[in-house]
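Below is the file coords_17.pdb, which contains PDB, C-alpha atoms.
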```pdb
MODEL        1
ATOM      1  CA  GLU A 107     125.179 107.002 106.538  1.00  0.00           C
ATOM      2  CA  LEU A 108     122.345 108.082 108.797  1.00  0.00           C
ATOM      3  CA  GLY A 109     122.691 107.975 112.526  1.00  0.00           C
ATOM      4  CA  GLU A 110     120.388 105.843 114.669  1.00  0.00           C
ATOM      5  CA  ASP A 111     118.736 109.021 115.930  1.00  0.00           C
ATOM      6  CA  HIS A 112     117.694 110.165 112.429  1.00  0.00           C
ATOM      7  CA  TYR A 113     113.906 110.240 112.087  1.00  0.00           C
ATOM      8  CA  ASP A 114     114.015 108.111 108.900  1.00  0.00           C
ATOM      9  CA  ALA A 115     116.556 105.542 110.131  1.00  0.00           C
ATOM     10  CA  ASN A 116     114.009 102.721 110.546  1.00  0.00           C
ATOM     11  CA  PHE A 117     112.426 103.497 107.181  1.00  0.00           C
ATOM     12  CA  PHE A 118     115.769 103.123 105.421  1.00  0.00           C
ATOM     13  CA  LYS A 119     116.609  99.960 107.371  1.00  0.00           C
ATOM     14  CA  GLY A 120     113.371  98.514 106.012  1.00  0.00           C
ATOM     15  CA  LYS A 121     114.321  99.576 102.488  1.00  0.00           C
ATOM     16  CA  ILE A 122     117.680  97.828 102.824  1.00  0.00           C
ATOM     17  CA  ALA A 123     116.079  94.668 104.235  1.00  0.00           C
ATOM     18  CA  SER A 124     113.478  94.498 101.456  1.00  0.00           C
ATOM     19  CA  SER A 125     116.181  95.081  98.834  1.00  0.00           C
ATOM     20  CA  LYS A 126     118.218  92.189 100.226  1.00  0.00           C
ATOM     21  CA  PHE A 127     115.137  89.952 100.127  1.00  0.00           C
ATOM     22  CA  TYR A 128     114.426  90.937  96.513  1.00  0.00           C
ATOM     23  CA  ILE A 129     118.012  90.301  95.436  1.00  0.00           C
ATOM     24  CA  MET A 130     118.203  86.938  97.196  1.00  0.00           C
ATOM     25  CA  ASN A 131     114.737  85.608  96.300  1.00  0.00           C
ATOM     26  CA  VAL A 132     113.357  87.291  93.186  1.00  0.00           C
ATOM     27  CA  VAL A 133     116.363  88.129  91.016  1.00  0.00           C
ATOM     28  CA  PRO A 134     117.630  84.504  90.828  1.00  0.00           C
ATOM     29  CA  GLU A 135     114.311  83.461  89.250  1.00  0.00           C
ATOM     30  CA  VAL A 136     115.225  85.530  86.194  1.00  0.00           C
ATOM     31  CA  PHE A 137     117.856  82.959  85.261  1.00  0.00           C
ATOM     32  CA  GLY A 138     115.265  80.176  85.336  1.00  0.00           C
ATOM     33  CA  PHE A 139     112.961  82.181  83.091  1.00  0.00           C
ATOM     34  CA  GLU A 140     115.861  82.820  80.737  1.00  0.00           C
ATOM     35  CA  ARG A 141     116.613  79.093  80.469  1.00  0.00           C
ATOM     36  CA  ALA A 142     112.958  78.296  79.827  1.00  0.00           C
ATOM     37  CA  MET A 143     112.774  80.856  77.032  1.00  0.00           C
ATOM     38  CA  LYS A 144     115.960  79.586  75.410  1.00  0.00           C
ATOM     39  CA  VAL A 145     114.622  76.029  75.317  1.00  0.00           C
ATOM     40  CA  ALA A 146     111.546  77.326  73.485  1.00  0.00           C
ATOM     41  CA  ASP A 147     109.319  74.477  74.643  1.00  0.00           C
ATOM     42  CA  THR A 148     106.116  74.756  72.636  1.00  0.00           C
ATOM     43  CA  SER A 149     104.260  71.843  74.262  1.00  0.00           C
ATOM     44  CA  ALA A 150     101.700  74.161  75.884  1.00  0.00           C
ATOM     45  CA  ILE A 151     100.795  75.873  72.627  1.00  0.00           C
ATOM     46  CA  ASP A 152     100.879  72.630  70.622  1.00  0.00           C
ATOM     47  CA  ILE A 153      97.785  71.331  72.457  1.00  0.00           C
ATOM     48  CA  ALA A 154      94.800  71.230  70.153  1.00  0.00           C
ATOM     49  CA  GLU A 155      92.148  73.781  71.041  1.00  0.00           C
ATOM     50  CA  ASP A 156      89.531  71.008  71.325  1.00  0.00           C
ATOM     51  CA  CYS A 157      91.495  69.504  74.209  1.00  0.00           C
ATOM     52  CA  LEU A 158      91.038  72.666  76.240  1.00  0.00           C
ATOM     53  CA  LEU A 159      87.233  72.750  76.132  1.00  0.00           C
TER      54      LEU A 159
ENDMDL
END
```
What do you get writing this file as structure tokens?
Amino acid sequence: ELGEDHYDANFFKGKIASSKFYIMNVVPEVFGFERAMKVADTSAIDIAEDCLL
């Protein structure tokens, strides 16, 4: 553990804070994507090409 007087202390505090944010806000979305892929909903690709013009 770095002391408060270490020249990189604030840099590493920022790294820890951004890691916590990523773990709490980005990682949980993976489970939603997993569920969506398992359902294999094809409604978006079942639309006829003429409907998209």
Report as lines of an AutoDock Vina configuration file the centre and the edge lengths, in Å to one decimal, of the axis-aligned box holding every listed atom of region 110-114 of chain A, padded by 5 Å on each side.
```
center_x = 117.1
center_y = 108.0
center_z = 112.4
size_x = 16.5
size_y = 14.4
size_z = 17.0
```
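Atom pair CA of Ala115 (chain A) / CA of Phe127 (chain A) has a distance of 18.6 Å (rounded to one decimal).
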What's the 12 Å shell around Leu108 (chain A), counting all atoms listed in the file, without same-chain residues fewer than 4 positions away, as a PyMOL selection string? chain A and resi 112-119
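CA of Ala142 (chain A) is found 20.1 Å from CA of Met130 (chain A).
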Report, in Å to a single decimal, how far apart CA of Glu135 (chain A) and CA of Leu158 (chain A) are. 28.8 Å
